[in-house]
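Enquirer: Next up, data_19.cif (mmCIF, C-alpha atoms).
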data_entry
loop_
_atom_site.group_PDB
_atom_site.id
_atom_site.type_symbol
_atom_site.label_atom_id
_atom_site.label_comp_id
_atom_site.auth_asym_id
_atom_site.auth_seq_id
_atom_site.Cartn_x
_atom_site.Cartn_y
_atom_site.Cartn_z
ATOM 1 C CA MET A 1 -17.132 -13.654 9.983
ATOM 2 C CA LYS A 2 -15.294 -10.477 9.269
ATOM 3 C CA PRO A 3 -11.603 -10.797 10.099
ATOM 4 C CA LYS A 4 -10.054 -8.365 12.534
ATOM 5 C CA THR A 5 -8.267 -5.331 11.103
ATOM 6 C CA VAL A 6 -4.514 -5.857 10.836
ATOM 7 C CA THR A 7 -2.344 -3.157 12.400
ATOM 8 C CA ARG A 8 1.348 -2.433 12.895
ATOM 9 C CA ALA A 9 1.227 -4.521 16.083
ATOM 10 C CA ASP A 10 0.092 -7.575 14.075
ATOM 11 C CA LEU A 11 2.823 -7.077 11.500
ATOM 12 C CA SER A 12 5.444 -6.842 14.196
ATOM 13 C CA ASP A 13 4.029 -9.953 15.930
ATOM 14 C CA ALA A 14 4.295 -11.800 12.628
ATOM 15 C CA LEU A 15 7.941 -10.731 12.359
ATOM 16 C CA HIS A 16 8.644 -11.685 15.951
ATOM 17 C CA GLU A 17 7.280 -15.175 15.310
ATOM 18 C CA ALA A 18 8.644 -15.772 11.822
ATOM 19 C CA ALA A 19 12.055 -14.182 12.097
ATOM 20 C CA GLY A 20 12.847 -14.723 15.765
ATOM 21 C CA LEU A 21 13.487 -11.041 16.437
ATOM 22 C CA THR A 22 12.633 -9.347 19.715
ATOM 23 C CA ARG A 23 9.282 -7.562 19.807
ATOM 24 C CA GLN A 24 10.997 -4.218 20.067
ATOM 25 C CA GLU A 25 13.270 -4.976 17.120
ATOM 26 C CA SER A 26 10.301 -6.244 15.072
ATOM 27 C CA ALA A 27 8.283 -3.099 15.737
ATOM 28 C CA ARG A 28 11.224 -0.926 14.739
ATOM 29 C CA LEU A 29 11.784 -2.838 11.489
ATOM 30 C CA VAL A 30 8.098 -2.626 10.503
ATOM 31 C CA GLU A 31 8.256 1.121 11.080
ATOM 32 C CA ARG A 32 11.482 1.563 9.087
ATOM 33 C CA THR A 33 10.143 -0.524 6.201
ATOM 34 C CA LEU A 34 7.028 1.648 5.922
ATOM 35 C CA ASP A 35 9.095 4.777 6.339
ATOM 36 C CA LEU A 36 11.580 3.854 3.594
ATOM 37 C CA ILE A 37 8.629 3.328 1.250
ATOM 38 C CA ALA A 38 7.117 6.676 2.303
ATOM 39 C CA GLU A 39 10.452 8.452 1.864
ATOM 40 C CA ALA A 40 10.798 7.130 -1.680
ATOM 41 C CA MET A 41 7.310 8.404 -2.501
ATOM 42 C CA GLU A 42 8.198 11.763 -0.960
ATOM 43 C CA ARG A 43 11.066 11.956 -3.453
ATOM 44 C CA GLY A 44 8.459 11.320 -6.133
ATOM 45 C CA GLU A 45 9.655 7.786 -6.857
ATOM 46 C CA THR A 46 7.423 4.956 -7.977
ATOM 47 C CA VAL A 47 7.746 2.052 -5.545
ATOM 48 C CA LYS A 48 7.484 -1.375 -7.176
ATOM 49 C CA LEU A 49 7.208 -4.336 -4.838
ATOM 50 C CA SER A 50 7.039 -7.462 -6.951
ATOM 51 C CA GLY A 51 4.258 -9.838 -5.961
ATOM 52 C CA PHE A 52 2.644 -7.066 -3.941
ATOM 53 C CA GLY A 53 1.960 -4.016 -6.070
ATOM 54 C CA VAL A 54 3.075 -0.606 -7.265
ATOM 55 C CA PHE A 55 2.731 2.732 -5.469
ATOM 56 C CA GLN A 56 2.815 5.651 -7.849
ATOM 57 C CA VAL A 57 2.941 9.347 -7.019
ATOM 58 C CA ARG A 58 0.797 11.409 -9.367
ATOM 59 C CA ALA A 59 0.643 15.191 -9.643
ATOM 60 C CA LYS A 60 -2.817 16.756 -9.749
ATOM 61 C CA ARG A 61 -3.299 20.174 -11.280
ATOM 62 C CA GLU A 62 -5.140 22.979 -9.574
ATOM 63 C CA ARG A 63 -8.853 22.776 -10.252
ATOM 64 C CA LEU A 64 -12.078 24.422 -9.250
ATOM 65 C CA GLY A 65 -14.197 22.601 -6.707
ATOM 66 C CA ARG A 66 -16.911 23.548 -4.296
ATOM 67 C CA ASN A 67 -17.188 23.843 -0.583
ATOM 68 C CA PRO A 68 -19.690 21.036 -0.027
ATOM 69 C CA LYS A 69 -21.156 22.808 2.986
ATOM 70 C CA THR A 70 -21.775 26.241 1.491
ATOM 71 C CA GLY A 71 -21.731 25.448 -2.219
ATOM 72 C CA ALA A 72 -19.265 28.287 -2.753
ATOM 73 C CA PRO A 73 -16.696 27.664 -5.498
ATOM 74 C CA ALA A 74 -13.235 27.070 -4.071
ATOM 75 C CA SER A 75 -9.984 26.343 -5.830
ATOM 76 C CA ILE A 76 -8.318 23.039 -5.028
ATOM 77 C CA ALA A 77 -4.550 23.537 -4.874
ATOM 78 C CA PRO A 78 -2.245 21.438 -7.046
ATOM 79 C CA ARG A 79 -1.175 18.409 -5.043
ATOM 80 C CA ARG A 80 0.462 15.030 -5.162
ATOM 81 C CA VAL A 81 -1.553 11.884 -4.602
ATOM 82 C CA ILE A 82 -0.642 8.217 -4.283
ATOM 83 C CA GLY A 83 -2.089 5.560 -6.499
ATOM 84 C CA PHE A 84 -1.720 1.866 -5.681
ATOM 85 C CA ARG A 85 -2.048 -0.935 -8.198
ATOM 86 C CA ALA A 86 -2.041 -4.407 -6.753
ATOM 87 C CA SER A 87 0.074 -6.994 -8.541
ATOM 88 C CA GLN A 88 -1.639 -9.554 -10.768
ATOM 89 C CA VAL A 89 -0.810 -12.203 -8.177
ATOM 90 C CA LEU A 90 -2.461 -10.296 -5.336
ATOM 91 C CA LYS A 91 -5.476 -9.355 -7.485
ATOM 92 C CA ALA A 92 -6.015 -12.978 -8.435
ATOM 93 C CA ARG A 93 -5.708 -14.157 -4.819
ATOM 94 C CA VAL A 94 -8.135 -11.509 -3.516
ATOM 95 C CA GLU A 95 -10.603 -12.378 -6.267
ATOM 96 C CA GLN A 96 -10.569 -16.054 -5.283
ATOM 97 C CA GLY A 97 -10.861 -15.196 -1.578
ATOM 98 C CA MET B 1 12.417 2.054 -5.854
ATOM 99 C CA ILE B 2 12.012 -1.692 -6.242
ATOM 100 C CA LYS B 3 11.864 -4.386 -3.593
ATOM 101 C CA SER B 4 15.576 -5.213 -3.769
ATOM 102 C CA GLU B 5 16.440 -1.536 -3.277
ATOM 103 C CA LEU B 6 14.149 -1.382 -0.257
ATOM 104 C CA VAL B 7 15.895 -4.465 1.137
ATOM 105 C CA SER B 8 19.339 -2.941 0.514
ATOM 106 C CA ALA B 9 18.372 0.330 2.202
ATOM 107 C CA LEU B 10 16.993 -1.486 5.245
ATOM 108 C CA ALA B 11 20.023 -3.791 5.385
ATOM 109 C CA ALA B 12 22.394 -0.810 5.253
ATOM 110 C CA GLU B 13 20.697 0.655 8.350
ATOM 111 C CA ASN B 14 20.879 -2.658 10.199
ATOM 112 C CA PRO B 15 24.383 -4.072 9.855
ATOM 113 C CA GLU B 16 23.598 -6.680 12.540
ATOM 114 C CA LEU B 17 21.219 -8.360 10.078
ATOM 115 C CA SER B 18 22.288 -10.239 6.954
ATOM 116 C CA HIS B 19 20.909 -9.282 3.564
ATOM 117 C CA LYS B 20 19.037 -12.592 3.545
ATOM 118 C CA ASP B 21 17.460 -11.825 6.925
ATOM 119 C CA VAL B 22 16.251 -8.454 5.691
ATOM 120 C CA GLU B 23 14.836 -10.021 2.525
ATOM 121 C CA ARG B 24 12.860 -12.365 4.746
ATOM 122 C CA ILE B 25 11.703 -9.525 7.018
ATOM 123 C CA VAL B 26 10.330 -7.454 4.130
ATOM 124 C CA GLY B 27 8.736 -10.611 2.724
ATOM 125 C CA VAL B 28 6.991 -11.456 6.003
ATOM 126 C CA ILE B 29 5.563 -7.926 6.259
ATOM 127 C CA LEU B 30 4.251 -7.842 2.682
ATOM 128 C CA ASP B 31 2.914 -11.410 2.838
ATOM 129 C CA HIS B 32 1.053 -10.656 6.038
ATOM 130 C CA ILE B 33 -0.671 -7.679 4.389
ATOM 131 C CA CYS B 34 -1.549 -9.805 1.343
ATOM 132 C CA ASP B 35 -2.932 -12.651 3.474
ATOM 133 C CA ALA B 36 -5.180 -10.248 5.388
ATOM 134 C CA LEU B 37 -6.596 -8.888 2.122
ATOM 135 C CA VAL B 38 -7.105 -12.356 0.672
ATOM 136 C CA SER B 39 -9.223 -13.301 3.684
ATOM 137 C CA GLY B 40 -11.296 -10.185 3.076
ATOM 138 C CA GLY B 41 -9.765 -8.140 5.867
ATOM 139 C CA ARG B 42 -8.436 -4.653 6.219
ATOM 140 C CA VAL B 43 -4.925 -3.467 7.083
ATOM 141 C CA GLU B 44 -4.669 -0.123 8.838
ATOM 142 C CA LEU B 45 -1.252 1.469 9.176
ATOM 143 C CA ARG B 46 -1.786 4.836 10.833
ATOM 144 C CA GLY B 47 0.152 7.608 9.181
ATOM 145 C CA PHE B 48 0.940 5.447 6.159
ATOM 146 C CA GLY B 49 -2.415 4.325 4.853
ATOM 147 C CA ALA B 50 -4.977 1.561 4.804
ATOM 148 C CA PHE B 51 -5.373 -1.451 2.543
ATOM 149 C CA SER B 52 -8.851 -2.834 2.060
ATOM 150 C CA VAL B 53 -10.878 -4.919 -0.352
ATOM 151 C CA ARG B 54 -13.570 -3.221 -2.403
ATOM 152 C CA SER B 55 -16.385 -4.872 -4.277
ATOM 153 C CA ARG B 56 -16.998 -3.991 -7.870
ATOM 154 C CA ALA B 57 -20.498 -4.590 -9.246
ATOM 155 C CA ALA B 58 -21.040 -6.723 -12.313
ATOM 156 C CA ARG B 59 -21.238 -4.605 -15.452
ATOM 157 C CA SER B 60 -21.316 -5.027 -19.161
ATOM 158 C CA GLY B 61 -18.101 -4.129 -20.875
ATOM 159 C CA ARG B 62 -16.850 -4.305 -24.391
ATOM 160 C CA ASN B 63 -14.165 -6.251 -26.123
ATOM 161 C CA PRO B 64 -12.004 -3.336 -27.278
ATOM 162 C CA LYS B 65 -10.858 -5.239 -30.340
ATOM 163 C CA THR B 66 -14.224 -6.325 -31.713
ATOM 164 C CA GLY B 67 -16.597 -3.879 -29.997
ATOM 165 C CA GLU B 68 -18.628 -6.840 -28.884
ATOM 166 C CA ALA B 69 -20.511 -6.482 -25.545
ATOM 167 C CA VAL B 70 -19.299 -8.845 -22.833
ATOM 168 C CA ALA B 71 -20.568 -9.350 -19.302
ATOM 169 C CA VAL B 72 -18.011 -8.528 -16.598
ATOM 170 C CA ARG B 73 -18.668 -10.398 -13.373
ATOM 171 C CA ALA B 74 -18.766 -8.703 -9.958
ATOM 172 C CA LYS B 75 -15.358 -8.855 -8.360
ATOM 173 C CA ARG B 76 -13.303 -7.912 -5.368
ATOM 174 C CA VAL B 77 -10.237 -5.722 -5.765
ATOM 175 C CA PRO B 78 -7.476 -4.625 -3.396
ATOM 176 C CA PHE B 79 -7.584 -0.911 -2.590
ATOM 177 C CA PHE B 80 -5.163 1.469 -0.864
ATOM 178 C CA LYS B 81 -5.997 4.829 0.654
ATOM 179 C CA SER B 82 -3.027 6.921 1.726
ATOM 180 C CA GLY B 83 -2.919 8.134 5.322
ATOM 181 C CA LYS B 84 -3.262 11.745 6.416
ATOM 182 C CA GLU B 85 0.331 12.038 7.538
ATOM 183 C CA LEU B 86 1.716 10.560 4.320
ATOM 184 C CA ARG B 87 -0.442 12.885 2.215
ATOM 185 C CA ALA B 88 0.845 15.811 4.269
ATOM 186 C CA ARG B 89 4.447 14.688 3.783
ATOM 187 C CA LEU B 90 3.903 14.487 0.040
ATOM 188 C CA ASN B 91 2.543 18.013 -0.093
ATOM 189 C CA ALA B 92 4.801 19.671 2.439
ATOM 190 C CA ASP B 93 6.150 22.334 0.061
#
Mind turning this structure into structure tokens?

Expert:
Amino acid sequence: MKPKTVTRADLSDALHEAAGLTRQESARLVERTLDLIAEAMERGETVKLSGFGVFQVRAKRERLGRNPKTGAPASIAPRRVIGFRASQVLKARVEQG
Amino acid sequence: MIKSELVSALAAENPELSHKDVERIVGVILDHICDALVSGGRVELRGFGAFSVRSRAARSGRNPKTGEAVAVRAKRVPFFKSGKELRARLNAD
């Protein structure tokens, strides 16, 4: 059976149960945790969370692509993308299931 | 930023919580995401991104040292796709 998709609500429930915080406080802390990670990436920082993985911001150069609908060439603006590499521990656990 | 810096930043915003508490809080969040992926599930955090498990087909690879062909088994790997809002924040300029 396919497990249900985990959302913010599940993370904050987990906090509520494990850490004995109010639901409201748990939800706020989940949000702030994600936001602090996002803010670091916005500054262009690599975020290394041991046992979990590494988020890395990479710069992509401008390149020529195509509008898939019309086939017309279109330039793709330079942009920043996020790469995630899971830790060895997480990779091994996912592999074993 | 590393995990301890994330914990310090979160602790600084929440003086009512001890550093140890915050360490535990960050740990619970990350462990919960990991556990969902290990059981083959998906974690969707709107605005931030989604973690999922992708299957990789078996393929034949090469031992880079000897050049010898080796069979690589099919496997499952954790995958992250950034959310729309986060991508927009990264490219706001």

Enquirer: Report the residues retrieved by the PyMOL selection byres ((chain A) within 9 of (chain B)) from the displayed file, expressed as a ChimeraX atom specification.

Expert: /A:2-8,10-12,14-15,18-19,26,29-30,32-52,57,79-86,90-97

Enquirer: The centre and edge lengths of an axis-aligned box containing all atoms of range 24-33 of chain A present in the file, extended by 6 Å on each side, are to be given in Å to one decimal, as JSON.

Expert:
{"center_x": 10.7, "center_y": -2.3, "center_z": 13.1, "size_x": 17.2, "size_y": 19.8, "size_z": 25.9}

Enquirer: Which value, in Å to one decimal, gives the distance between CA of Ala12 in chain B and CA of Glu85 in chain B?

Expert: 25.6 Å

Enquirer: Please provide as a compact mmCIF listing (two decimals) with C-alpha atoms, in the frame of the given file all residues within 8 Å of Val72 in chain B, with the sequence filter that same-chain residues fewer than 2 positions apart are discarded (counting only C-alpha atoms).

Expert:
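The result, written out as selection12.txt:
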# COMPACT_ATOMS: atom_id res chain seq x y z
CA ALA B 58 -21.04 -6.72 -12.31
CA ARG B 59 -21.24 -4.61 -15.45
CA SER B 60 -21.32 -5.03 -19.16
CA GLY B 61 -18.10 -4.13 -20.88
CA VAL B 70 -19.30 -8.85 -22.83
CA ALA B 74 -18.77 -8.70 -9.96
